[in-house]
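J.: This structure is in structure tokens; I'll ask about it shortly.
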Amino acid sequence: EFCSTNPERLKGVALVALQDVAAAVKEARRAVEELGFVGVMMPTNVLDQDIGLRQFWPFYEEVERLNVGLAFHGGIRASQRMHGRFGNFIAVHTLAFPLECMVALTGYIYSGAPEQFPKLRIAALEASCGWVPFLMDRMDEEFEIRGKREAPLLKQKPSEYLTGGQFYCAFELEETTLPYVAERIGSDKLLYSSDYPHWDTSWPNSVRAVTKRGDLTDSHKKRFLGENAQRFYGFKTSFLRVAA
């Protein structure tokens, strides 16, 4: 009902729980085929379980069939785990989301799921992007040593999956490493987010925070602010050009 106000500009994404995988499959199907949503969002862990486990694969198979984007977002018990170590929120908020997305992608990739579901588009959201090159190097190093024995389904290095078009990552608007990450993994894989209406959003100046950056090319800005999201979520629409 909310999106029906302006269907070209407003798109729905379904938040789906994975405790019951069969129910999650049905809900994803209902959200896309009946409600017209363009994506599905899941937690980075399922009650502390690795999302790469085979029990979750039927869900990935269905989202791939539906041809919509699948987003990872800081998962169940993530903040609880961090609160158990830190005594203030600033430390929790600094690390919880990036670490959760790193853990989720590590488990998902080593499981062999990217090879099993090559057309499934996945994005790590609200977790910055500067850690992606580090994770690529770290996983490649481990894969070289133990990959044949512990990640036998993979036919490529982890970095090749992360840069091959299946994976996307949202960036923080003022991340200084953004140009480097764009060069390393491809500027077509990075997603803009205003984080509206959270308490720490930069809205209504979030678009301007990107357009005013002197270290990004016009091509970068066009991709970040429109083209990449359409490719990830699988829809086409016109969008206004925003002056810097």
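Here, A, B, ... name the chains of the structure tokens in the order displayed, residue numbers run from 1 inside each chain, and ligands are numbered from 1 in the same displayed order.
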According to DSSP computed on the backbone, where in range 16-73 of chain A is there strand (DSSP E or B)? Give the residues as a VMD selection string.

T.: chain A and resid 39 to 43 46 49 69 to 73

J.: Pull the closest atom pair for each residue of range 108-146 of chain A that gets at most 8 Å from range 174-189 of chain A, along with the distance in Å to one decimal, counting only C-alpha atoms, ordering rows by chain and then ascending residue number, as JSON lines.

T.:
{"residue": "A:Ser128", "atom": "CA", "partner": "A:Glu175", "partner_atom": "CA", "distance": 7.6}
{"residue": "A:Cys129", "atom": "CA", "partner": "A:Val181", "partner_atom": "CA", "distance": 7.2}
{"residue": "A:Gly130", "atom": "CA", "partner": "A:Thr177", "partner_atom": "CA", "distance": 5.9}
{"residue": "A:Val132", "atom": "CA", "partner": "A:Val181", "partner_atom": "CA", "distance": 7.5}
{"residue": "A:Pro133", "atom": "CA", "partner": "A:Val181", "partner_atom": "CA", "distance": 6.9}

J.: Can you spit out the residues from that selection as a PDB file, in the first residue's frame, using N, CA, C and O atoms?

T.:
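Produced file selection08.pdb, reproduced below:
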ATOM      1  N   SER A 128      29.370  -0.818   5.626  1.00  0.00           N
ATOM      2  CA  SER A 128      30.550  -0.227   5.007  1.00  0.00           C
ATOM      3  C   SER A 128      31.080  -1.154   3.906  1.00  0.00           C
ATOM      4  O   SER A 128      30.555  -2.238   3.682  1.00  0.00           O
ATOM      5  N   CYS A 129      32.162  -0.717   3.247  1.00  0.00           N
ATOM      6  CA  CYS A 129      32.724  -1.534   2.163  1.00  0.00           C
ATOM      7  C   CYS A 129      34.238  -1.674   2.242  1.00  0.00           C
ATOM      8  O   CYS A 129      34.823  -2.484   1.522  1.00  0.00           O
ATOM      9  N   GLY A 130      34.885  -0.913   3.112  1.00  0.00           N
ATOM     10  CA  GLY A 130      36.339  -0.920   3.153  1.00  0.00           C
ATOM     11  C   GLY A 130      36.960  -2.249   3.522  1.00  0.00           C
ATOM     12  O   GLY A 130      38.130  -2.504   3.203  1.00  0.00           O
ATOM     13  N   VAL A 132      36.029  -5.180   2.346  1.00  0.00           N
ATOM     14  CA  VAL A 132      35.887  -6.187   1.296  1.00  0.00           C
ATOM     15  C   VAL A 132      37.237  -6.600   0.693  1.00  0.00           C
ATOM     16  O   VAL A 132      37.514  -7.799   0.561  1.00  0.00           O
ATOM     17  N   PRO A 133      38.136  -5.664   0.322  1.00  0.00           N
ATOM     18  CA  PRO A 133      39.438  -6.102  -0.199  1.00  0.00           C
ATOM     19  C   PRO A 133      40.226  -6.939   0.810  1.00  0.00           C
ATOM     20  O   PRO A 133      40.891  -7.911   0.425  1.00  0.00           O
TER      21      PRO A 133
END

J.: So which residues touch Ser159 in chain A within 10 Å, counting only C-alpha atoms, skipping near sequence neighbours fewer than 2 positions away, as a list in words?

T.: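 Here the qualifying residues turn out to be Ile109, Val132, Pro133, Leu135, Met136, Asp137, Arg138, Met139, Asp140, Gln156, Lys157, Tyr161, Leu162, Thr163, Gly164 and Ile185 of chain A.
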
J.: Keeping N, CA, C and O atoms, export the residues of the selection given above as a PDB file, in the first residue's frame.

T.:
ATOM      1  N   ILE A 109      30.337 -18.267   1.176  1.00  0.00           N
ATOM      2  CA  ILE A 109      31.247 -18.566   0.064  1.00  0.00           C
ATOM      3  C   ILE A 109      31.930 -19.909   0.252  1.00  0.00           C
ATOM      4  O   ILE A 109      31.938 -20.749  -0.663  1.00  0.00           O
ATOM      5  N   VAL A 132      36.029  -5.180   2.346  1.00  0.00           N
ATOM      6  CA  VAL A 132      35.887  -6.187   1.296  1.00  0.00           C
ATOM      7  C   VAL A 132      37.237  -6.600   0.693  1.00  0.00           C
ATOM      8  O   VAL A 132      37.514  -7.799   0.561  1.00  0.00           O
ATOM      9  N   PRO A 133      38.136  -5.664   0.322  1.00  0.00           N
ATOM     10  CA  PRO A 133      39.438  -6.102  -0.199  1.00  0.00           C
ATOM     11  C   PRO A 133      40.226  -6.939   0.810  1.00  0.00           C
ATOM     12  O   PRO A 133      40.891  -7.911   0.425  1.00  0.00           O
ATOM     13  N   LEU A 135      38.954  -8.902   3.130  1.00  0.00           N
ATOM     14  CA  LEU A 135      38.340 -10.227   3.197  1.00  0.00           C
ATOM     15  C   LEU A 135      38.711 -11.052   1.971  1.00  0.00           C
ATOM     16  O   LEU A 135      38.960 -12.262   2.083  1.00  0.00           O
ATOM     17  N   MET A 136      38.760 -10.424   0.820  1.00  0.00           N
ATOM     18  CA  MET A 136      39.160 -11.137  -0.391  1.00  0.00           C
ATOM     19  C   MET A 136      40.563 -11.723  -0.240  1.00  0.00           C
ATOM     20  O   MET A 136      40.789 -12.907  -0.533  1.00  0.00           O
ATOM     21  N   ASP A 137      41.502 -10.908   0.204  1.00  0.00           N
ATOM     22  CA  ASP A 137      42.879 -11.379   0.366  1.00  0.00           C
ATOM     23  C   ASP A 137      42.969 -12.473   1.423  1.00  0.00           C
ATOM     24  O   ASP A 137      43.662 -13.486   1.236  1.00  0.00           O
ATOM     25  N   ARG A 138      42.281 -12.267   2.528  1.00  0.00           N
ATOM     26  CA  ARG A 138      42.329 -13.230   3.618  1.00  0.00           C
ATOM     27  C   ARG A 138      41.741 -14.573   3.211  1.00  0.00           C
ATOM     28  O   ARG A 138      42.322 -15.634   3.475  1.00  0.00           O
ATOM     29  N   MET A 139      40.590 -14.539   2.524  1.00  0.00           N
ATOM     30  CA  MET A 139      39.956 -15.781   2.108  1.00  0.00           C
ATOM     31  C   MET A 139      40.780 -16.487   1.029  1.00  0.00           C
ATOM     32  O   MET A 139      40.882 -17.727   1.032  1.00  0.00           O
ATOM     33  N   ASP A 140      41.350 -15.737   0.114  1.00  0.00           N
ATOM     34  CA  ASP A 140      42.192 -16.354  -0.917  1.00  0.00           C
ATOM     35  C   ASP A 140      43.381 -17.071  -0.296  1.00  0.00           C
ATOM     36  O   ASP A 140      43.765 -18.174  -0.735  1.00  0.00           O
ATOM     37  N   GLN A 156      36.611 -21.532  -8.116  1.00  0.00           N
ATOM     38  CA  GLN A 156      37.404 -20.320  -8.260  1.00  0.00           C
ATOM     39  C   GLN A 156      37.859 -19.857  -6.881  1.00  0.00           C
ATOM     40  O   GLN A 156      37.384 -20.350  -5.862  1.00  0.00           O
ATOM     41  N   LYS A 157      38.777 -18.906  -6.871  1.00  0.00           N
ATOM     42  CA  LYS A 157      39.180 -18.298  -5.610  1.00  0.00           C
ATOM     43  C   LYS A 157      38.025 -17.466  -5.052  1.00  0.00           C
ATOM     44  O   LYS A 157      37.211 -16.932  -5.813  1.00  0.00           O
ATOM     45  N   TYR A 161      34.777 -14.865  -6.907  1.00  0.00           N
ATOM     46  CA  TYR A 161      33.329 -14.832  -6.708  1.00  0.00           C
ATOM     47  C   TYR A 161      32.890 -13.439  -6.246  1.00  0.00           C
ATOM     48  O   TYR A 161      31.875 -12.911  -6.701  1.00  0.00           O
ATOM     49  N   LEU A 162      33.667 -12.853  -5.356  1.00  0.00           N
ATOM     50  CA  LEU A 162      33.297 -11.544  -4.810  1.00  0.00           C
ATOM     51  C   LEU A 162      33.376 -10.435  -5.853  1.00  0.00           C
ATOM     52  O   LEU A 162      32.738  -9.396  -5.692  1.00  0.00           O
ATOM     53  N   THR A 163      34.138 -10.627  -6.914  1.00  0.00           N
ATOM     54  CA  THR A 163      34.257  -9.605  -7.951  1.00  0.00           C
ATOM     55  C   THR A 163      33.589 -10.027  -9.256  1.00  0.00           C
ATOM     56  O   THR A 163      33.654  -9.289 -10.245  1.00  0.00           O
ATOM     57  N   GLY A 164      32.933 -11.169  -9.267  1.00  0.00           N
ATOM     58  CA  GLY A 164      32.410 -11.721 -10.512  1.00  0.00           C
ATOM     59  C   GLY A 164      31.019 -11.275 -10.907  1.00  0.00           C
ATOM     60  O   GLY A 164      30.517 -11.692 -11.953  1.00  0.00           O
ATOM     61  N   ILE A 185      37.121  -3.920  -6.641  1.00  0.00           N
ATOM     62  CA  ILE A 185      36.051  -4.902  -6.866  1.00  0.00           C
ATOM     63  C   ILE A 185      35.127  -4.518  -8.021  1.00  0.00           C
ATOM     64  O   ILE A 185      34.320  -5.336  -8.464  1.00  0.00           O
TER      65      ILE A 185
END

J.: Which neighbours of Tyr233 in chain A fall inside 8 Å, counting only C-alpha atoms, when residues of the same chain fewer than 3 positions from it are skipped, and could you give them as a list in words?

T.: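 Neighbouring residues, sequence-local ones excluded: Val38, Gly39, Val68, Gly69, Ala229 and Gln230 of chain A.
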
J.: Separation of CA of Phe72 in chain A and CA of Ala124 in chain A, in Å?

T.: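 CA of Ala124 in chain A lies 4.9 Å from CA of Phe72 in chain A.
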
J.: Rank A:Phe143, A:Phe134, A:Tyr60, A:Phe167 by their smallest atom-to-atom distance to Leu105 in chain A, using only C-alpha atoms, and report the top residue only.

T.: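 Result for the nearest residue to Leu105 in chain A: A:Phe167.
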
J.: Sorted by chain and rising residue number, which residues of range 51-159 of chain A lie within 12 Å of range 24-37 of chain A, and what are their closest atom pairs and distances in Å to one decimal, counting only C-alpha atoms, as a Markdown table?

T.:
| residue | atom | partner | partner_atom | distance |
| --- | --- | --- | --- | --- |
| A:Gln55 | CA | A:Ala24 | CA | 11.9 |
| A:Phe56 | CA | A:Ala24 | CA | 9.6 |
| A:Trp57 | CA | A:Val25 | CA | 10.2 |
| A:Pro58 | CA | A:Val25 | CA | 7.3 |
| A:Phe59 | CA | A:Val25 | CA | 5.3 |
| A:Tyr60 | CA | A:Val25 | CA | 8.6 |
| A:Glu61 | CA | A:Val25 | CA | 8.9 |
| A:Glu62 | CA | A:Val25 | CA | 6.4 |
| A:Val63 | CA | A:Ala28 | CA | 7.0 |
| A:Glu64 | CA | A:Ala28 | CA | 10.7 |
| A:Arg65 | CA | A:Arg29 | CA | 9.5 |
| A:Leu66 | CA | A:Val32 | CA | 7.2 |
| A:Asn67 | CA | A:Val32 | CA | 9.3 |
| A:Val68 | CA | A:Val32 | CA | 8.1 |
| A:Gly69 | CA | A:Phe37 | CA | 10.1 |
| A:Leu70 | CA | A:Ala28 | CA | 10.2 |

J.: Go through range 53-120 of chain A and collect every residue that DSSP, computed from the backbone, puts in alpha helix (DSSP H); the answer should be as a PyMOL selection string.

T.: chain A and resi 57-66+78-83+89-110+113-116

J.: Keeping N, CA and C atoms for every residue in the selection just given, could you write it to a file as a CSV table (one decimal), in the first residue's frame?

T.:
chain,number,residue,atom,x,y,z
A,57,TRP,N,19.8,-23.8,1.8
A,57,TRP,CA,20.0,-23.8,0.3
A,57,TRP,C,18.7,-23.7,-0.4
A,58,PRO,N,17.6,-24.4,0.0
A,58,PRO,CA,16.3,-24.3,-0.7
A,58,PRO,C,15.8,-22.9,-0.8
A,59,PHE,N,16.1,-22.1,0.2
A,59,PHE,CA,15.7,-20.7,0.2
A,59,PHE,C,16.5,-19.9,-0.9
A,60,TYR,N,17.8,-20.1,-0.9
A,60,TYR,CA,18.7,-19.5,-1.9
A,60,TYR,C,18.2,-19.9,-3.3
A,61,GLU,N,17.9,-21.2,-3.5
A,61,GLU,CA,17.4,-21.6,-4.8
A,61,GLU,C,16.1,-20.9,-5.2
A,62,GLU,N,15.2,-20.7,-4.3
A,62,GLU,CA,14.0,-20.0,-4.6
A,62,GLU,C,14.2,-18.5,-4.9
A,63,VAL,N,15.1,-17.8,-4.2
A,63,VAL,CA,15.4,-16.4,-4.5
A,63,VAL,C,16.1,-16.3,-5.8
A,64,GLU,N,16.9,-17.2,-6.1
A,64,GLU,CA,17.6,-17.2,-7.4
A,64,GLU,C,16.5,-17.4,-8.5
A,65,ARG,N,15.6,-18.3,-8.3
A,65,ARG,CA,14.5,-18.5,-9.3
A,65,ARG,C,13.7,-17.2,-9.5
A,66,LEU,N,13.4,-16.5,-8.4
A,66,LEU,CA,12.6,-15.3,-8.5
A,66,LEU,C,13.3,-14.2,-9.1
A,78,ALA,N,23.4,-10.4,17.0
A,78,ALA,CA,24.7,-9.7,16.7
A,78,ALA,C,25.0,-8.7,17.8
A,79,SER,N,24.0,-7.8,18.1
A,79,SER,CA,24.2,-6.8,19.1
A,79,SER,C,24.4,-7.4,20.5
A,80,GLN,N,23.6,-8.4,20.7
A,80,GLN,CA,23.8,-9.1,22.1
A,80,GLN,C,25.2,-9.6,22.3
A,81,ARG,N,25.7,-10.2,21.2
A,81,ARG,CA,27.1,-10.7,21.3
A,81,ARG,C,28.1,-9.6,21.6
A,82,MET,N,27.9,-8.4,20.9
A,82,MET,CA,28.8,-7.3,21.1
A,82,MET,C,28.6,-6.7,22.5
A,83,HIS,N,27.3,-6.6,22.9
A,83,HIS,CA,27.0,-6.0,24.2
A,83,HIS,C,27.7,-6.8,25.3
A,89,PHE,N,27.7,1.8,23.7
A,89,PHE,CA,27.1,1.6,22.4
A,89,PHE,C,28.0,1.9,21.3
A,90,ILE,N,28.9,2.9,21.5
A,90,ILE,CA,29.7,3.4,20.4
A,90,ILE,C,30.6,2.2,19.9
A,91,ALA,N,31.1,1.4,20.8
A,91,ALA,CA,31.9,0.3,20.3
A,91,ALA,C,31.1,-0.8,19.6
A,92,VAL,N,29.9,-1.1,20.1
A,92,VAL,CA,29.0,-2.0,19.5
A,92,VAL,C,28.6,-1.6,18.1
A,93,HIS,N,28.2,-0.3,18.0
A,93,HIS,CA,27.8,0.2,16.7
A,93,HIS,C,28.9,0.3,15.7
A,94,THR,N,30.2,0.4,16.1
A,94,THR,CA,31.3,0.5,15.3
A,94,THR,C,31.6,-0.8,14.6
A,95,LEU,N,31.4,-1.9,15.3
A,95,LEU,CA,31.8,-3.2,14.8
A,95,LEU,C,30.7,-4.2,14.4
A,96,ALA,N,29.6,-4.1,15.0
A,96,ALA,CA,28.6,-5.2,14.9
A,96,ALA,C,28.2,-5.5,13.4
A,97,PHE,N,27.8,-4.5,12.7
A,97,PHE,CA,27.3,-4.8,11.3
A,97,PHE,C,28.5,-5.3,10.4
A,98,PRO,N,29.6,-4.6,10.3
A,98,PRO,CA,30.7,-5.0,9.4
A,98,PRO,C,31.1,-6.5,9.7
A,99,LEU,N,31.3,-6.8,11.0
A,99,LEU,CA,31.8,-8.1,11.4
A,99,LEU,C,30.8,-9.2,11.0
A,100,GLU,N,29.5,-8.9,11.3
A,100,GLU,CA,28.4,-9.8,10.9
A,100,GLU,C,28.4,-10.1,9.4
A,101,CYS,N,28.6,-9.1,8.6
A,101,CYS,CA,28.5,-9.3,7.2
A,101,CYS,C,29.8,-10.1,6.7
A,102,MET,N,30.9,-9.8,7.3
A,102,MET,CA,32.1,-10.6,7.0
A,102,MET,C,32.0,-12.0,7.3
A,103,VAL,N,31.4,-12.3,8.5
A,103,VAL,CA,31.2,-13.7,8.9
A,103,VAL,C,30.2,-14.4,8.0
A,104,ALA,N,29.1,-13.7,7.6
A,104,ALA,CA,28.1,-14.2,6.8
A,104,ALA,C,28.6,-14.6,5.4
A,105,LEU,N,29.4,-13.7,4.8
A,105,LEU,CA,29.9,-13.9,3.5
A,105,LEU,C,31.0,-15.0,3.5
A,106,THR,N,31.8,-15.1,4.6
A,106,THR,CA,32.8,-16.1,4.7
A,106,THR,C,32.1,-17.5,4.7
A,107,GLY,N,31.1,-17.7,5.5
A,107,GLY,CA,30.4,-19.0,5.6
A,107,GLY,C,29.7,-19.3,4.3
A,108,TYR,N,29.0,-18.3,3.7
A,108,TYR,CA,28.3,-18.5,2.5
A,108,TYR,C,29.2,-19.0,1.3
A,109,ILE,N,30.3,-18.3,1.2
A,109,ILE,CA,31.2,-18.6,0.1
A,109,ILE,C,31.9,-19.9,0.3
A,110,TYR,N,32.5,-20.2,1.4
A,110,TYR,CA,33.2,-21.4,1.6
A,110,TYR,C,32.3,-22.6,1.5
A,113,ALA,N,28.0,-22.3,-2.0
A,113,ALA,CA,26.8,-21.8,-2.5
A,113,ALA,C,26.9,-20.9,-3.7
A,114,PRO,N,28.0,-20.1,-3.8
A,114,PRO,CA,28.1,-19.3,-5.0
A,114,PRO,C,28.2,-20.1,-6.3
A,115,GLU,N,28.8,-21.3,-6.2
A,115,GLU,CA,28.9,-22.2,-7.3
A,115,GLU,C,27.6,-22.8,-7.6
A,116,GLN,N,26.8,-23.1,-6.5
A,116,GLN,CA,25.5,-23.8,-6.7
A,116,GLN,C,24.5,-22.9,-7.2

J.: Give me, please, the distance in Å between CA of Arg223 in chain A and CA of Leu190 in chain A, quoted to one decimal.

T.: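 Value for the CA of Arg223 in chain A-CA of Leu190 in chain A distance: 8.1 Å.
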